[in-house]
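K.L.:
Just target.txt, nothing more (compact mmCIF, C-alpha atoms):
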# COMPACT_ATOMS: atom_id res chain seq x y z
CA MET V 1 85.45 -51.06 59.94
CA ILE V 2 81.80 -51.23 58.94
CA GLN V 3 78.78 -49.20 59.93
CA LEU V 4 75.38 -50.70 60.70
CA THR V 5 72.22 -48.62 60.97
CA ARG V 6 69.00 -49.77 62.57
CA ARG V 7 65.76 -47.77 62.39
CA TYR V 8 63.21 -47.57 65.23
CA GLN V 9 59.85 -45.82 65.46
CA PHE V 10 57.83 -44.20 68.19
CA SER V 11 54.83 -41.88 68.19
CA ALA V 12 54.61 -39.04 70.66
CA SER V 13 53.06 -35.63 71.20
CA HIS V 14 54.74 -32.39 72.14
CA ARG V 15 54.26 -28.66 72.38
CA LEU V 16 57.01 -26.20 71.53
CA HIS V 17 56.77 -23.58 74.23
CA SER V 18 59.42 -21.83 76.31
CA VAL V 19 58.56 -20.59 79.80
CA ASP V 20 61.29 -17.96 79.33
CA LEU V 21 59.41 -16.28 76.48
CA SER V 22 56.18 -14.28 76.37
CA GLU V 23 53.01 -15.74 74.85
CA ALA V 24 53.46 -13.50 71.80
CA GLU V 25 57.10 -14.51 71.35
CA ASN V 26 56.23 -18.20 71.72
CA GLU V 27 53.57 -17.86 69.07
CA ARG V 28 55.87 -15.91 66.76
CA ILE V 29 58.78 -18.37 67.09
CA PHE V 30 56.98 -21.71 67.24
CA GLY V 31 53.82 -20.94 65.23
CA LYS V 32 51.49 -23.94 64.93
CA CYS V 33 53.81 -25.98 67.15
CA ASN V 34 52.90 -23.67 70.06
CA ASN V 35 49.25 -24.85 70.10
CA PRO V 36 48.56 -25.30 73.86
CA TYR V 37 46.90 -28.67 73.27
CA GLY V 38 50.05 -30.06 71.62
CA HIS V 39 50.32 -32.22 68.51
CA GLY V 40 52.12 -35.44 67.55
CA HIS V 41 54.54 -37.11 65.16
CA ASN V 42 55.60 -40.57 64.08
CA TYR V 43 59.27 -40.21 64.94
CA GLU V 44 61.92 -42.44 63.40
CA VAL V 45 65.27 -42.90 65.12
CA GLU V 46 68.24 -44.25 63.18
CA VAL V 47 71.05 -45.57 65.36
CA THR V 48 74.39 -46.16 63.61
CA VAL V 49 77.01 -48.45 65.11
CA LYS V 50 80.63 -48.68 63.92
CA GLY V 51 83.17 -51.44 64.47
CA GLU V 52 84.99 -54.44 63.05
CA ILE V 53 83.11 -57.55 61.92
CA ASP V 54 83.53 -60.29 64.52
CA GLN V 55 85.18 -63.21 62.72
CA ALA V 56 83.19 -65.88 64.57
CA THR V 57 79.72 -64.36 64.22
CA GLY V 58 80.06 -62.27 61.05
CA CYS V 59 78.35 -59.41 62.91
CA VAL V 60 79.47 -55.92 63.96
CA VAL V 61 76.90 -55.84 66.78
CA ASN V 62 74.46 -58.23 68.39
CA LEU V 63 71.15 -56.88 67.06
CA SER V 64 69.14 -58.31 69.91
CA ASP V 65 71.32 -56.44 72.45
CA LEU V 66 71.06 -53.23 70.38
CA ASP V 67 67.27 -53.58 70.15
CA THR V 68 66.96 -54.20 73.89
CA LEU V 69 69.05 -51.09 74.64
CA VAL V 70 67.17 -48.76 72.27
CA VAL V 71 63.75 -50.08 73.26
CA GLU V 72 64.56 -49.76 76.96
CA GLN V 73 66.08 -46.26 76.71
CA VAL V 74 63.97 -44.68 73.96
CA VAL V 75 61.08 -46.60 72.41
CA ALA V 76 59.38 -47.86 75.60
CA PRO V 77 59.62 -44.58 77.57
CA PHE V 78 58.74 -42.31 74.58
CA ASP V 79 56.16 -44.24 72.58
CA HIS V 80 52.59 -42.93 72.92
CA ARG V 81 53.67 -40.33 75.45
CA ASN V 82 53.39 -36.59 75.80
CA LEU V 83 57.04 -35.52 75.79
CA ASN V 84 56.47 -32.27 77.74
CA GLU V 85 54.42 -33.91 80.48
CA GLU V 86 55.95 -37.35 80.80
CA ILE V 87 59.67 -37.17 79.96
CA VAL V 88 61.73 -35.75 82.79
CA GLU V 89 64.29 -34.03 80.52
CA PHE V 90 61.50 -31.90 78.98
CA ARG V 91 60.14 -30.43 82.22
CA ARG V 92 61.84 -27.17 81.21
CA LEU V 93 63.67 -28.00 77.99
CA VAL V 94 61.64 -27.31 74.82
CA PRO V 95 61.09 -30.67 73.05
CA THR V 96 62.21 -29.54 69.62
CA THR V 97 63.61 -32.40 67.58
CA GLU V 98 67.08 -30.89 68.06
CA ASN V 99 66.69 -31.27 71.83
CA LEU V 100 64.98 -34.65 71.45
CA GLY V 101 68.02 -35.82 69.47
CA VAL V 102 70.41 -34.59 72.17
CA VAL V 103 68.35 -36.36 74.87
CA ILE V 104 68.19 -39.63 72.92
CA ASP V 105 71.92 -39.48 72.11
CA ARG V 106 72.75 -38.86 75.79
CA ARG V 107 70.50 -41.70 77.01
CA LEU V 108 72.07 -44.16 74.56
CA ARG V 109 75.65 -43.08 75.36
CA GLU V 110 75.08 -43.38 79.12
CA ALA V 111 73.64 -46.89 78.85
CA TRP V 112 76.04 -48.03 76.08
CA PRO V 113 79.00 -49.30 78.22
CA ARG V 114 76.68 -51.48 80.32
CA VAL V 115 75.42 -53.34 77.21
CA PHE V 116 78.61 -53.10 75.14
CA PRO V 117 81.56 -53.08 77.55
CA GLY V 118 84.99 -52.38 76.08
CA ALA V 119 85.93 -50.37 73.03
CA ALA V 120 83.60 -51.81 70.40
CA PRO V 121 81.12 -51.50 68.87
CA LYS V 122 80.97 -47.74 69.01
CA LEU V 123 77.83 -45.58 68.83
CA GLU V 124 78.60 -43.59 65.67
CA ARG V 125 75.50 -41.50 65.01
CA VAL V 126 71.89 -40.81 65.98
CA ARG V 127 69.52 -39.46 63.35
CA ILE V 128 65.91 -38.44 64.03
CA LEU V 129 63.17 -38.04 61.44
CA GLU V 130 60.36 -35.88 62.87
CA THR V 131 58.52 -36.28 59.58
CA PRO V 132 59.85 -37.82 56.35
CA ARG V 133 60.96 -34.29 55.39
CA ASN V 134 62.46 -32.99 58.66
CA ILE V 135 65.66 -34.83 59.56
CA PHE V 136 68.11 -34.11 62.39
CA GLU V 137 71.53 -35.68 62.81
CA ILE V 138 73.45 -35.57 66.08
CA MET Q 1 81.64 -35.86 42.97
CA LEU Q 2 79.73 -38.87 44.26
CA ILE Q 3 77.26 -40.81 42.14
CA THR Q 4 75.04 -43.59 43.46
CA LYS Q 5 73.18 -46.31 41.64
CA ARG Q 6 70.59 -48.52 43.33
CA ILE Q 7 69.72 -52.11 42.49
CA GLU Q 8 67.59 -54.70 44.24
CA PHE Q 9 68.04 -58.43 44.52
CA SER Q 10 66.18 -61.12 46.42
CA ALA Q 11 68.01 -63.98 48.08
CA SER Q 12 67.77 -66.43 50.93
CA HIS Q 13 70.30 -67.18 53.65
CA VAL Q 14 70.89 -68.83 57.01
CA CYS Q 15 72.96 -67.21 59.73
CA ARG Q 16 74.49 -69.90 61.90
CA ASN Q 17 78.00 -70.90 62.87
CA PRO Q 18 78.45 -74.70 62.81
CA ALA Q 19 81.01 -74.35 65.63
CA PHE Q 20 78.28 -73.07 67.97
CA SER Q 21 75.42 -74.98 69.61
CA GLY Q 22 71.85 -74.59 68.34
CA GLU Q 23 71.02 -72.57 71.43
CA GLU Q 24 74.02 -70.26 70.96
CA ASN Q 25 73.11 -69.72 67.29
CA ARG Q 26 69.53 -68.82 68.24
CA ARG Q 27 70.80 -66.40 70.86
CA LEU Q 28 73.16 -64.71 68.37
CA TYR Q 29 71.02 -64.63 65.24
CA GLY Q 30 67.44 -65.10 66.47
CA PRO Q 31 65.05 -66.33 63.77
CA ALA Q 32 67.83 -65.88 61.16
CA ALA Q 33 69.40 -69.08 62.51
CA ASN Q 34 66.52 -71.21 61.16
CA PRO Q 35 68.42 -73.94 59.25
CA TYR Q 36 65.86 -74.01 56.40
CA GLY Q 37 66.74 -70.42 55.52
CA HIS Q 38 64.65 -67.34 54.88
CA GLY Q 39 64.85 -64.47 52.40
CA HIS Q 40 65.08 -60.73 51.96
CA ASN Q 41 64.64 -58.13 49.24
CA TYR Q 42 68.08 -56.58 49.47
CA VAL Q 43 68.56 -53.02 48.26
CA LEU Q 44 72.09 -52.10 47.24
CA ASP Q 45 73.35 -48.52 46.85
CA VAL Q 46 76.72 -48.36 45.13
CA THR Q 47 78.49 -45.00 45.35
CA LEU Q 48 81.39 -44.01 43.10
CA GLU Q 49 83.71 -41.06 43.44
CA GLY Q 50 85.19 -39.24 40.47
CA SER Q 51 85.18 -36.08 38.37
CA PRO Q 52 82.92 -35.63 35.35
CA ASP Q 53 84.83 -36.29 32.15
CA PRO Q 54 85.15 -32.91 30.34
CA ALA Q 55 84.12 -34.46 27.03
CA THR Q 56 81.11 -36.55 28.16
CA GLY Q 57 80.03 -34.73 31.35
CA MET Q 58 79.83 -38.12 33.09
CA VAL Q 59 81.79 -39.61 35.99
CA LEU Q 60 81.11 -43.06 34.58
CA ASP Q 61 78.58 -44.05 31.94
CA LEU Q 62 75.64 -45.32 34.03
CA LYS Q 63 75.00 -47.99 31.41
CA GLU Q 64 78.52 -49.29 32.00
CA LEU Q 65 77.88 -49.25 35.78
CA LYS Q 66 74.55 -51.02 35.26
CA ASP Q 67 76.25 -53.75 33.22
CA ILE Q 68 78.93 -54.24 35.90
CA LEU Q 69 76.31 -54.47 38.67
CA GLU Q 70 74.30 -56.92 36.58
CA ARG Q 71 77.32 -59.15 35.99
CA GLU Q 72 78.92 -58.92 39.45
CA VAL Q 73 75.84 -58.81 41.71
CA MET Q 74 72.50 -59.51 40.00
CA VAL Q 75 73.50 -62.65 38.11
CA PRO Q 76 75.31 -64.35 40.99
CA PHE Q 77 73.09 -63.15 43.91
CA ASP Q 78 69.51 -62.66 42.65
CA HIS Q 79 67.10 -65.49 43.50
CA ARG Q 80 69.87 -67.58 45.06
CA PHE Q 81 70.35 -69.33 48.38
CA LEU Q 82 73.56 -67.56 49.38
CA ASN Q 83 74.96 -70.29 51.68
CA HIS Q 84 74.62 -72.93 48.98
CA GLU Q 85 75.10 -71.07 45.72
CA VAL Q 86 77.38 -68.06 46.21
CA GLN Q 87 81.04 -68.22 47.22
CA PRO Q 88 82.42 -67.65 49.87
CA PHE Q 89 79.18 -68.11 51.83
CA ASP Q 90 79.63 -71.87 52.01
CA ARG Q 91 82.19 -71.03 54.74
CA VAL Q 92 81.60 -67.32 55.55
CA ILE Q 93 78.33 -66.56 57.40
CA PRO Q 94 76.17 -64.43 55.06
CA THR Q 95 75.29 -61.72 57.56
CA VAL Q 96 74.42 -58.38 55.97
CA GLU Q 97 77.89 -57.19 57.07
CA ASN Q 98 79.69 -60.01 55.26
CA ILE Q 99 77.51 -59.72 52.13
CA ALA Q 100 78.37 -56.00 51.89
CA VAL Q 101 82.10 -56.71 52.22
CA GLU Q 102 81.89 -59.43 49.54
CA ILE Q 103 80.01 -57.11 47.16
CA TRP Q 104 82.66 -54.44 47.77
CA ARG Q 105 85.43 -56.98 47.00
CA ARG Q 106 83.77 -57.99 43.72
CA LEU Q 107 83.01 -54.40 42.66
CA ALA Q 108 86.39 -52.92 43.63
CA THR Q 109 88.04 -55.27 41.14
CA ALA Q 110 85.43 -54.82 38.41
CA LEU Q 111 85.35 -51.04 38.75
CA ALA Q 112 89.11 -50.53 38.70
CA SER Q 113 89.20 -47.53 36.39
CA PRO Q 114 91.08 -44.23 36.30
CA LYS Q 115 87.73 -42.43 35.89
CA ALA Q 116 85.90 -43.54 39.01
CA ARG Q 117 86.70 -45.12 42.36
CA LEU Q 118 84.37 -47.18 44.53
CA HIS Q 119 83.45 -44.97 47.51
CA ALA Q 120 80.76 -46.88 49.44
CA VAL Q 121 78.52 -49.89 49.42
CA ARG Q 122 75.27 -49.50 51.34
CA LEU Q 123 73.23 -52.68 51.68
CA TYR Q 124 69.69 -52.71 53.09
CA GLU Q 125 68.54 -56.08 54.37
CA THR Q 126 65.17 -54.57 55.30
CA PRO Q 127 64.00 -50.94 55.19
CA ASP Q 128 64.95 -50.69 58.88
CA LEU Q 129 68.42 -52.27 58.75
CA TYR Q 130 71.41 -51.44 56.59
CA VAL Q 131 75.20 -51.49 56.65
CA GLU Q 132 77.72 -49.19 54.99
CA TYR Q 133 81.20 -50.31 54.00
CA PHE Q 134 83.92 -47.98 52.73
CA GLY Q 135 86.65 -50.58 52.17
CA GLU Q 136 89.72 -51.27 54.26
CA ARG Q 137 90.64 -47.58 54.53
CA SER Q 138 87.74 -46.70 56.86
Could I get this file's structure written as structure tokens?

P.N.:
Amino acid sequence: MIQLTRRYQFSASHRLHSVDLSEAENERIFGKCNNPYGHGHNYEVEVTVKGEIDQATGCVVNLSDLDTLVVEQVVAPFDHRNLNEEIVEFRRLVPTTENLGVVIDRRLREAWPRVFPGAAPKLERVRILETPRNIFEI
Amino acid sequence: MLITKRIEFSASHVCRNPAFSGEENRRLYGPAANPYGHGHNYVLDVTLEGSPDPATGMVLDLKELKDILEREVMVPFDHRFLNHEVQPFDRVIPTVENIAVEIWRRLATALASPKARLHAVRLYETPDLYVEYFGERS
């Protein structure tokens, strides 16, 4: 078995704010991230695939198929968007990078069997870098 | 304890299977199927597992590791056209997956020592694409 990791980028804005909390609590918990105008990040998404190397191609995954899947499910819908306003999952859910990771992982897993039918290759891990210093692994 | 040493080498390669048509090779490998070849600055992270020697405080003398990496990887791979100059890539397609497995094979033999065991080979083909190989056991 071998693991292959591909890194993708998108830039988006968000505001960390929970409708279930008071204004004061929101400000206390989320601090600067609660700014009502929102703010943005250059997100990086690392997608790790695991499987055996195909003897004929020498590859564990067809990169063009992987790129198409990740672009279609994540990069195209999220890039240069306001996550709170434009991504259906964040209508109520606070777009922390933890929740963003869960949403991205779920989107990729749901679409995975359509692009990669059968057992392999497997989606092993999703890792999100909100900034170069804040990293979340699902 | 795990220790990792990083080296970089530059090499060219072509990814195409002579058993496939030109069209099929382009579909599988994209621009990497260009028969004239193209190159990358590969970054290799080699991770060893072992316990620090009570007398020296070292898992393995990093100078010794550097010399092994120089002999087994830098000399044969750096500034080479892999398909034409490095075995077994005259018959094995030098995808990043297969290069990582070949580097593992060479290092596992060279590093056979009671002090340290080869744990992982991570090979970056570009900053946005890498593979990790942990040997047959994974």

K.L.:
Give me, as a list in words, the residues of chain Q touching chain V, with the criterion being at most 8 Å (counting only C-alpha atoms).

P.N.:
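Filtering chain Q at 8 Å from chain V with only C-alpha atoms gives Arg16, Asn17, Leu28, Tyr29, Gly30, Val92, Ile93, Pro94, Thr95, Glu97, Asn98, Asp128, Leu129, Tyr130, Val131, Glu132, Tyr133, Phe134, Gly135, Glu136 and Ser138 of chain Q.
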
K.L.:
In Å, with one decimal, what is the gap from CA of Glu64 in chain Q to CA of Ile7 in chain Q?

P.N.:
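Going from CA of Glu64 in chain Q over to CA of Ile7 in chain Q, I get 14.0 Å.
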
K.L.:
In Å, how far is it from CA of Ser12 in chain Q to CA of His38 in chain Q?

P.N.:
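Computing it gives 5.1 Å between the two atoms.
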
K.L.:
With all atoms listed in the file as the counted atoms, please give the residues lying no more than 12 Å from Ile103 in chain Q, apart from itself and same-chain residues fewer than 3 positions off, as an NGL selection string.

P.N.:
:Q and (44-46 or 68-69 or 71-74 or 76-77 or 86-89 or 94 or 96-100 or 106-111 or 118 or 120-123 or 132-135)

K.L.:
Counting all atoms listed in the file, I want the residues whose atoms come within 7 Å of (55.9, -36.5, 63.2) in the file frame, returned as an MDAnalysis selection string.

P.N.:
chainID V and resid 40:43 130:131

K.L.:
CA of Asn34 in chain V to CA of Leu100 in chain V: how many Å, to one decimal?

P.N.:
16.4 Å

K.L.:
Mind checking which residues fall within 10 Å of range 77-89 of chain V, counting only C-alpha atoms, ignoring those fewer than 4 positions away in the same chain, and posting them as a ChimeraX atom specification?

P.N.:
/V:9-17,38-43,71-73,93-95,99-100,103-104

K.L.:
Given the choices V:Lys32, V:Arg92, V:Arg106, V:Lys122, which gets closest to Ile138 in chain V if the distance is worked out from only C-alpha atoms?

P.N.:
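Using only C-alpha atoms, Ile138 in chain V sits closest to V:Arg106.
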
K.L.:
Since the input lacks some atoms of range 6-21 of chain Q, please model N, CA and C atoms and print them as a short mmCIF file (atom, residue, chain, number, x, y, z; two decimals), in the frame of the given file.

P.N.:
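Contents of selection_0.cif, freshly written:
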data_model
loop_
_atom_site.label_atom_id
_atom_site.label_comp_id
_atom_site.auth_asym_id
_atom_site.auth_seq_id
_atom_site.Cartn_x
_atom_site.Cartn_y
_atom_site.Cartn_z
N ARG Q 6 71.30 -47.56 42.47
CA ARG Q 6 70.59 -48.52 43.33
C ARG Q 6 70.10 -49.71 42.53
N ILE Q 7 70.33 -50.91 43.07
CA ILE Q 7 69.72 -52.11 42.49
C ILE Q 7 69.09 -52.93 43.62
N GLU Q 8 68.24 -53.85 43.25
CA GLU Q 8 67.59 -54.70 44.24
C GLU Q 8 67.75 -56.15 43.82
N PHE Q 9 68.03 -57.00 44.80
CA PHE Q 9 68.04 -58.43 44.52
C PHE Q 9 67.39 -59.17 45.69
N SER Q 10 66.86 -60.32 45.39
CA SER Q 10 66.18 -61.12 46.42
C SER Q 10 66.96 -62.42 46.59
N ALA Q 11 67.22 -62.77 47.84
CA ALA Q 11 68.01 -63.98 48.08
C ALA Q 11 67.66 -64.55 49.44
N SER Q 12 67.99 -65.82 49.62
CA SER Q 12 67.77 -66.43 50.93
C SER Q 12 69.11 -66.74 51.58
N HIS Q 13 69.08 -66.86 52.90
CA HIS Q 13 70.30 -67.18 53.65
C HIS Q 13 69.95 -67.79 55.00
N VAL Q 14 70.97 -68.35 55.63
CA VAL Q 14 70.89 -68.83 57.01
C VAL Q 14 72.07 -68.24 57.73
N CYS Q 15 71.85 -67.70 58.93
CA CYS Q 15 72.96 -67.21 59.73
C CYS Q 15 73.15 -68.17 60.90
N ARG Q 16 74.12 -69.04 60.78
CA ARG Q 16 74.49 -69.90 61.90
C ARG Q 16 75.93 -70.34 61.74
N ASN Q 17 76.61 -70.45 62.88
CA ASN Q 17 78.00 -70.90 62.87
C ASN Q 17 78.00 -72.36 63.31
N PRO Q 18 78.49 -73.27 62.46
CA PRO Q 18 78.45 -74.70 62.81
C PRO Q 18 79.28 -75.02 64.06
N ALA Q 19 80.19 -74.11 64.43
CA ALA Q 19 81.01 -74.35 65.63
C ALA Q 19 80.22 -74.09 66.91
N PHE Q 20 79.06 -73.40 66.79
CA PHE Q 20 78.28 -73.07 67.97
C PHE Q 20 77.10 -74.03 68.13
N SER Q 21 76.59 -74.14 69.35
CA SER Q 21 75.42 -74.98 69.61
C SER Q 21 74.18 -74.33 68.98
#
